[in-house]
file input_29.txt (compact mmCIF, C-alpha atoms and all ligand atoms)
# COMPACT_ATOMS: atom_id res chain seq x y z
CA MET A 210 8.23 -37.03 -9.13
CA ASN A 211 11.44 -36.95 -11.13
CA ILE A 212 11.85 -33.47 -12.59
CA PRO A 213 15.09 -33.02 -14.59
CA ASP A 214 17.52 -30.26 -13.65
CA HIS A 215 17.35 -28.71 -17.11
CA ILE A 216 14.08 -28.47 -18.99
CA PRO A 217 14.50 -27.53 -22.65
CA ILE A 218 13.06 -24.25 -23.88
CA LEU A 219 13.69 -24.89 -27.58
CA TRP A 220 13.79 -28.16 -29.46
CA TYR A 221 13.03 -29.87 -32.78
CA GLU A 222 10.86 -32.84 -33.64
CA ASP A 223 10.38 -34.89 -36.78
CA LYS A 224 6.98 -35.55 -38.42
CA ASP A 225 6.27 -38.36 -35.95
CA GLY A 226 6.96 -36.20 -32.91
CA ASN A 227 10.36 -37.69 -32.17
CA PHE A 228 12.77 -35.42 -30.31
CA LEU A 229 15.83 -34.56 -32.46
CA GLY A 230 19.36 -33.57 -31.46
CA GLU A 231 20.40 -31.48 -28.50
CA PRO A 232 17.76 -29.22 -26.96
CA ASN A 233 18.22 -25.44 -26.86
CA LEU A 234 20.23 -25.28 -30.08
CA GLN A 235 19.22 -22.21 -32.04
CA VAL A 236 20.29 -23.30 -35.54
CA PRO A 237 19.54 -26.83 -36.72
CA ASP A 238 22.48 -27.00 -39.10
CA SER A 239 23.81 -30.48 -38.35
CA ASN A 240 22.82 -33.78 -39.85
CA GLU A 241 20.84 -34.57 -36.69
CA PHE A 242 18.20 -32.09 -37.82
CA LYS A 243 17.78 -33.22 -41.45
CA ASP A 244 14.35 -34.66 -40.59
CA ALA A 245 13.27 -31.71 -38.42
CA HIS A 246 9.66 -30.85 -39.11
CA VAL A 247 8.74 -28.50 -36.25
CA GLN A 248 10.54 -26.20 -33.85
CA ILE A 249 8.96 -26.01 -30.41
CA SER A 250 9.70 -23.30 -27.90
CA GLU A 251 8.54 -22.75 -24.35
CA PHE A 252 10.00 -19.56 -22.94
CA PRO A 253 9.06 -19.29 -19.27
CA PHE A 254 10.10 -15.65 -18.88
CA GLN A 255 7.62 -14.00 -21.23
CA LEU A 256 4.52 -11.99 -20.58
CA ARG A 257 2.72 -11.56 -23.91
CA THR A 258 0.57 -8.52 -24.56
CA THR A 259 -1.70 -8.60 -27.59
CA TYR A 260 -3.71 -5.78 -29.12
CA LEU A 261 -6.71 -6.86 -31.17
CA GLU A 262 -8.68 -4.48 -33.34
CA LEU A 263 -12.34 -5.23 -32.85
CA ILE A 264 -14.23 -5.65 -36.12
CA ARG A 265 -17.87 -4.57 -35.88
CA ASP A 266 -20.73 -5.50 -38.15
CA ALA A 267 -23.17 -3.00 -39.68
CA TYR A 268 -25.09 -2.95 -36.40
CA GLY A 269 -22.03 -2.11 -34.32
CA LYS A 270 -21.80 -5.55 -32.77
CA VAL A 271 -18.32 -7.04 -32.41
CA GLY A 272 -18.09 -9.97 -34.79
CA SER A 273 -14.40 -10.71 -35.01
CA SER A 274 -11.00 -9.25 -34.37
CA LYS A 275 -7.69 -8.70 -36.13
CA LYS A 276 -4.31 -8.71 -34.44
CA MET A 277 -2.84 -5.20 -34.46
CA MET A 278 0.34 -5.86 -32.55
CA GLU A 279 1.89 -8.11 -30.00
CA GLY A 280 4.79 -7.68 -27.64
CA GLU A 281 6.58 -9.64 -24.97
CA SER A 282 8.32 -8.54 -21.82
CA SER A 283 10.30 -10.39 -19.21
CA TRP A 284 10.94 -9.99 -15.49
CA SER A 285 13.49 -10.48 -12.77
CA ASP A 286 13.07 -13.86 -11.12
CA ASP A 287 14.39 -12.72 -7.71
CA LEU A 288 12.01 -9.73 -7.69
CA VAL A 289 9.01 -11.92 -8.52
CA CYS A 290 9.94 -14.43 -5.80
CA ALA A 291 10.29 -11.59 -3.23
CA MET A 292 6.86 -10.25 -4.23
CA ILE A 293 5.28 -13.69 -3.92
CA ARG A 294 6.78 -14.14 -0.43
CA GLY A 295 5.87 -10.59 0.57
CA ASP A 296 9.38 -9.72 1.71
CA LYS A 297 10.06 -6.61 3.85
CA GLY A 298 6.55 -6.52 5.29
CA HIS A 299 4.66 -6.41 1.99
CA GLN A 300 1.52 -8.42 1.44
CA PRO A 301 2.32 -11.74 -0.26
CA MET A 302 0.83 -11.99 -3.73
CA THR A 303 0.12 -14.65 -6.31
CA ALA A 304 2.80 -15.55 -8.86
CA SER A 305 0.68 -14.30 -11.76
CA ARG A 306 0.13 -10.91 -10.12
CA ALA A 307 3.83 -10.56 -9.25
CA ILE A 308 4.83 -11.50 -12.81
CA GLN A 309 2.36 -9.05 -14.31
CA ILE A 310 3.65 -6.18 -12.15
CA ALA A 311 7.35 -6.99 -12.54
CA ALA A 312 7.10 -7.56 -16.30
CA LYS A 313 5.18 -4.34 -16.92
CA ALA A 314 7.36 -2.15 -14.69
CA CYS A 315 9.76 0.17 -16.47
CA GLU A 316 13.42 0.20 -15.50
CA ARG A 317 13.11 2.70 -12.67
CA CYS A 318 9.97 1.06 -11.25
CA MET A 319 11.64 -2.34 -11.38
CA ASN A 320 14.60 -0.90 -9.47
CA SER A 321 12.31 0.79 -6.93
CA LEU A 322 10.43 -2.46 -6.39
CA ALA A 323 13.73 -4.32 -5.93
CA HIS A 324 14.76 -1.78 -3.30
CA GLU A 325 11.36 -1.93 -1.55
CA TYR A 326 11.49 -5.71 -1.40
CA GLY A 327 15.03 -5.69 0.04
CA LEU A 328 16.94 -7.13 -2.90
CA THR A 329 20.66 -6.46 -3.29
CA TRP A 330 20.03 -4.27 -6.34
CA GLY A 331 17.73 -1.37 -7.11
CA TYR A 332 17.26 2.13 -5.71
CA PRO A 333 14.59 4.01 -3.78
CA GLU A 334 11.74 5.81 -5.47
CA TYR A 335 12.56 9.52 -6.03
CA SER A 336 16.28 8.90 -5.35
CA PRO A 337 18.83 10.62 -7.65
CA GLU A 338 19.16 7.37 -9.65
CA TRP A 339 15.37 7.19 -9.98
CA GLN A 340 15.25 10.82 -11.16
CA LYS A 341 18.08 10.21 -13.63
CA CYS A 342 16.40 7.16 -15.17
CA ARG A 343 14.12 8.56 -17.84
CA THR A 344 11.91 5.50 -18.27
CA SER A 345 8.22 5.61 -17.49
CA CYS A 346 5.34 3.19 -17.31
CA GLN A 347 1.83 3.01 -16.00
CA TRP A 348 3.08 2.62 -12.42
CA CYS A 349 5.31 5.72 -12.26
CA ASP A 350 3.15 7.79 -14.59
CA GLU A 351 0.29 7.28 -12.19
CA THR A 352 2.51 8.41 -9.33
CA GLN A 353 3.58 11.45 -11.32
CA ASN A 354 0.01 12.23 -12.28
CA LYS A 355 -1.05 12.07 -8.64
CA LYS A 356 1.71 14.50 -7.74
CA LYS A 357 0.93 16.69 -10.75
CA PHE A 358 -2.73 16.95 -9.89
CA GLU A 359 -2.32 17.15 -6.14
CA ILE A 360 -4.18 20.17 -4.85
CA PRO A 361 -1.60 22.33 -3.04
CA TYR A 362 -4.09 23.43 -0.41
CA LYS A 363 -7.48 22.26 0.74
CA LEU A 364 -10.49 24.15 -0.45
CA LYS A 365 -13.03 25.14 2.18
CA VAL A 366 -16.72 25.58 1.63
CA GLY A 367 -17.27 29.12 0.38
CA ASP A 368 -13.82 29.49 -1.24
CA LYS A 369 -13.94 31.10 -4.67
CA LEU A 370 -12.53 28.96 -7.43
ZN ZN A 401 7.72 3.09 -14.25

call {"tool": "encode", "arguments": {"input": "input_29.txt", "output": "structure tokens"}}
result
Amino acid sequence: MNIPDHIPILWYEDKDGNFLGEPNLQVPDSNEFKDAHVQISEFPFQLRTTYLELIRDAYGKVGSSKKMMEGESSWSDDLVCAMIRGDKGHQPMTASRAIQIAAKACERCMNSLAHEYGLTWGYPEYSPEWQKCRTSCQWCDETQNKKKFEIPYKLKVGDKL
């Protein structure tokens, strides 16, 4: 198989599907693009999250949906690769799972993961840097909620509540 070193992420084609000009140009302002009909993009570092409002009929059955919002997030390639390999004694995981975790992690969780997986960047969970970083996401909120709702002592049968 002959895979090129650089695969375009953005390019233009005419009405017949012919490739026009140099790939990865953002603005088709030269004469090369005078016949451009479509812009095609393939961004490999995007996890897309879509919220659809469910539209119900008179009987409460979901009949269709309407897009409410959509967002994209990216991830660190070296972190995802370390998660796939299972570096530093972690369980290896699939690429899709690693991407989903890394792309959804907030800044401090991403840094904690990088530290846990032995990358050259990042910081430990609950370190001063972690405390200083005011981001939050479902991963660290869950951790905080566990700590918040941790019972400080164990109840014994017969204890009054
Ligand atoms: Zn987080």

call {"tool": "atom_distance", "arguments": {"input": "input_29.txt", "atom1": "atom CA of A:Arg294", "atom2": "atom CA of A:Ala314"}}
result
18.6 Å

call {"tool": "atom_distance", "arguments": {"input": "input_29.txt", "atom1": "atom CA of A:Arg257", "atom2": "atom CA of A:Val289"}}
result
16.6 Å

call {"tool": "closest_residue", "arguments": {"input": "input_29.txt", "among": "A:Val247, A:Met278, A:Leu328, A:Leu288", "to": "A:Ile310", "atoms": "all atoms listed in the file"}}
result
A:Leu288

call {"tool": "residues_around", "arguments": {"input": "input_29.txt", "residues": "stretch 210-225 of chain A", "least_positions_apart": "2", "cutoff": "10 Å", "atoms": "all atoms listed in the file", "output": "list in words"}}
result
Asn227, Phe228, Leu229, Gly230, Glu231, Pro232, Asn233, Leu234, Gln235, Pro237, Glu241, Phe242, Lys243, Asp244, Ala245, His246, Val247, Gln248, Ile249, Ser250, Glu251, Phe252 and Pro253 of chain A

call {"tool": "closest_residue", "arguments": {"input": "input_29.txt", "among": "A:Ser282, A:Gln347, A:Asn240, A:Gln309", "to": "ligand ZN 401 (chain A)", "atoms": "all atoms listed in the file"}}
result
A:Gln347

call {"tool": "residues_around", "arguments": {"input": "input_29.txt", "residues": "A:Gly327", "least_positions_apart": "3", "cutoff": "12 Å", "atoms": "all atoms listed in the file", "output": "PyMOL selection string"}}
result
chain A and resi 287-288+290-292+294-299+320-324+330-333

call {"tool": "write_last_selection", "arguments": {"input": "input_29.txt", "atoms": "C-alpha atoms", "output": "PDB file, in the frame of the given file"}}
result
ATOM      1  CA  ASP A 287      14.390 -12.720  -7.710  1.00  0.00           C
ATOM      2  CA  LEU A 288      12.010  -9.730  -7.690  1.00  0.00           C
ATOM      3  CA  CYS A 290       9.940 -14.430  -5.800  1.00  0.00           C
ATOM      4  CA  ALA A 291      10.290 -11.590  -3.230  1.00  0.00           C
ATOM      5  CA  MET A 292       6.860 -10.250  -4.230  1.00  0.00           C
ATOM      6  CA  ARG A 294       6.780 -14.140  -0.430  1.00  0.00           C
ATOM      7  CA  GLY A 295       5.870 -10.590   0.570  1.00  0.00           C
ATOM      8  CA  ASP A 296       9.380  -9.720   1.710  1.00  0.00           C
ATOM      9  CA  LYS A 297      10.060  -6.610   3.850  1.00  0.00           C
ATOM     10  CA  GLY A 298       6.550  -6.520   5.290  1.00  0.00           C
ATOM     11  CA  HIS A 299       4.660  -6.410   1.990  1.00  0.00           C
ATOM     12  CA  ASN A 320      14.600  -0.900  -9.470  1.00  0.00           C
ATOM     13  CA  SER A 321      12.310   0.790  -6.930  1.00  0.00           C
ATOM     14  CA  LEU A 322      10.430  -2.460  -6.390  1.00  0.00           C
ATOM     15  CA  ALA A 323      13.730  -4.320  -5.930  1.00  0.00           C
ATOM     16  CA  HIS A 324      14.760  -1.780  -3.300  1.00  0.00           C
ATOM     17  CA  TRP A 330      20.030  -4.270  -6.340  1.00  0.00           C
ATOM     18  CA  GLY A 331      17.730  -1.370  -7.110  1.00  0.00           C
ATOM     19  CA  TYR A 332      17.260   2.130  -5.710  1.00  0.00           C
ATOM     20  CA  PRO A 333      14.590   4.010  -3.780  1.00  0.00           C
TER      21      PRO A 333
END

call {"tool": "residues_near_ligand", "arguments": {"input": "input_29.txt", "ligand": "ligand ZN 401 (chain A)", "cutoff": "8 Å", "atoms": "all atoms listed in the file", "output": "PyMOL selection string"}}
result
chain A and resi 314-319+344-350

call {"tool": "atom_distance", "arguments": {"input": "input_29.txt", "atom1": "atom CA of A:Glu279", "atom2": "atom CA of A:Thr303"}}
result
24.6 Å

call {"tool": "residues_around", "arguments": {"input": "input_29.txt", "residues": "A:Ser283", "least_positions_apart": "5", "cutoff": "8 Å", "atoms": "only C-alpha atoms", "output": "PyMOL selection string"}}
result
chain A and resi 254-256+312

call {"tool": "residues_around", "arguments": {"input": "input_29.txt", "residues": "A:Leu263", "least_positions_apart": "4", "cutoff": "7 Å", "atoms": "only C-alpha atoms", "output": "JSON list (two decimals) with C-alpha atoms, in the coordinates of the input"}}
result
[["chain", "number", "residue", "atom", "x", "y", "z"],
["A", 271, "VAL", "CA", -18.32, -7.04, -32.41],
["A", 273, "SER", "CA", -14.40, -10.71, -35.01],
["A", 274, "SER", "CA", -11.00, -9.25, -34.37],
["A", 275, "LYS", "CA", -7.69, -8.70, -36.13]]

call {"tool": "closest_residue", "arguments": {"input": "input_29.txt", "among": "A:Met302, A:Gly226, A:Pro337, A:Ile264", "to": "A:Lys276", "atoms": "only C-alpha atoms"}}
result
A:Ile264

call {"tool": "closest_residue", "arguments": {"input": "input_29.txt", "among": "A:Ser305, A:Lys313, A:Arg265, A:Ile293", "to": "A:Glu281", "atoms": "only C-alpha atoms"}}
result
A:Lys313

call {"tool": "decode", "arguments": {"input": "input_29.txt", "residues": "stretch 294-357 of chain A", "atoms": "C-alpha atoms", "output": "short mmCIF file (atom, residue, chain, number, x, y, z; two decimals), in the first residue's frame"}}
result
data_model
loop_
_atom_site.label_atom_id
_atom_site.label_comp_id
_atom_site.auth_asym_id
_atom_site.auth_seq_id
_atom_site.Cartn_x
_atom_site.Cartn_y
_atom_site.Cartn_z
CA ARG A 294 -0.95 1.04 24.50
CA GLY A 295 -1.84 1.01 28.19
CA ASP A 296 1.38 2.72 29.26
CA LYS A 297 2.50 2.74 32.91
CA GLY A 298 0.59 -0.43 33.79
CA HIS A 299 -2.84 0.73 32.64
CA GLN A 300 -5.18 -1.56 30.76
CA PRO A 301 -4.84 -1.03 27.00
CA MET A 302 -7.99 0.37 25.44
CA THR A 303 -9.49 0.79 22.00
CA ALA A 304 -8.71 3.93 19.99
CA SER A 305 -12.34 5.06 20.06
CA ARG A 306 -12.54 4.76 23.86
CA ALA A 307 -9.22 6.60 24.32
CA ILE A 308 -10.34 9.38 21.96
CA GLN A 309 -13.67 9.73 23.72
CA ILE A 310 -12.02 10.03 27.14
CA ALA A 311 -9.20 12.34 26.04
CA ALA A 312 -11.49 14.61 24.00
CA LYS A 313 -14.04 14.96 26.79
CA ALA A 314 -11.51 15.54 29.57
CA CYS A 315 -11.19 19.09 30.83
CA GLU A 316 -7.77 20.72 31.05
CA ARG A 317 -6.89 19.42 34.50
CA CYS A 318 -8.14 15.90 33.76
CA MET A 319 -6.18 15.84 30.51
CA ASN A 320 -3.06 16.86 32.44
CA SER A 321 -3.72 14.25 35.14
CA LEU A 322 -4.15 11.57 32.50
CA ALA A 323 -0.91 12.65 30.81
CA HIS A 324 0.89 12.35 34.14
CA GLU A 325 -0.69 8.96 34.91
CA TYR A 326 0.32 7.61 31.52
CA GLY A 327 3.92 8.83 31.93
CA LEU A 328 3.98 11.57 29.31
CA THR A 329 6.50 14.40 29.56
CA TRP A 330 3.73 16.90 30.34
CA GLY A 331 0.87 17.02 32.80
CA TYR A 332 0.57 16.97 36.58
CA PRO A 333 -0.78 14.61 39.24
CA GLU A 334 -4.38 14.63 40.34
CA TYR A 335 -4.88 16.84 43.46
CA SER A 336 -1.44 18.48 42.96
CA PRO A 337 -1.19 22.28 43.44
CA GLU A 338 -1.41 22.74 39.65
CA TRP A 339 -4.51 20.54 39.57
CA GLN A 340 -6.09 22.56 42.40
CA LYS A 341 -5.21 25.83 40.67
CA CYS A 342 -6.77 24.79 37.37
CA ARG A 343 -10.42 25.72 37.68
CA THR A 344 -11.73 23.56 34.83
CA SER A 345 -14.16 20.74 35.46
CA CYS A 346 -15.77 17.97 33.49
CA GLN A 347 -17.69 14.80 34.05
CA TRP A 348 -14.53 12.95 35.09
CA CYS A 349 -13.37 15.32 37.85
CA ASP A 350 -16.87 16.32 38.91
CA GLU A 351 -17.57 12.67 39.58
CA THR A 352 -14.40 12.46 41.65
CA GLN A 353 -15.40 15.58 43.55
CA ASN A 354 -18.91 14.30 44.08
CA LYS A 355 -17.55 11.03 45.46
CA LYS A 356 -15.40 12.98 47.90
CA LYS A 357 -18.25 15.36 48.71
#
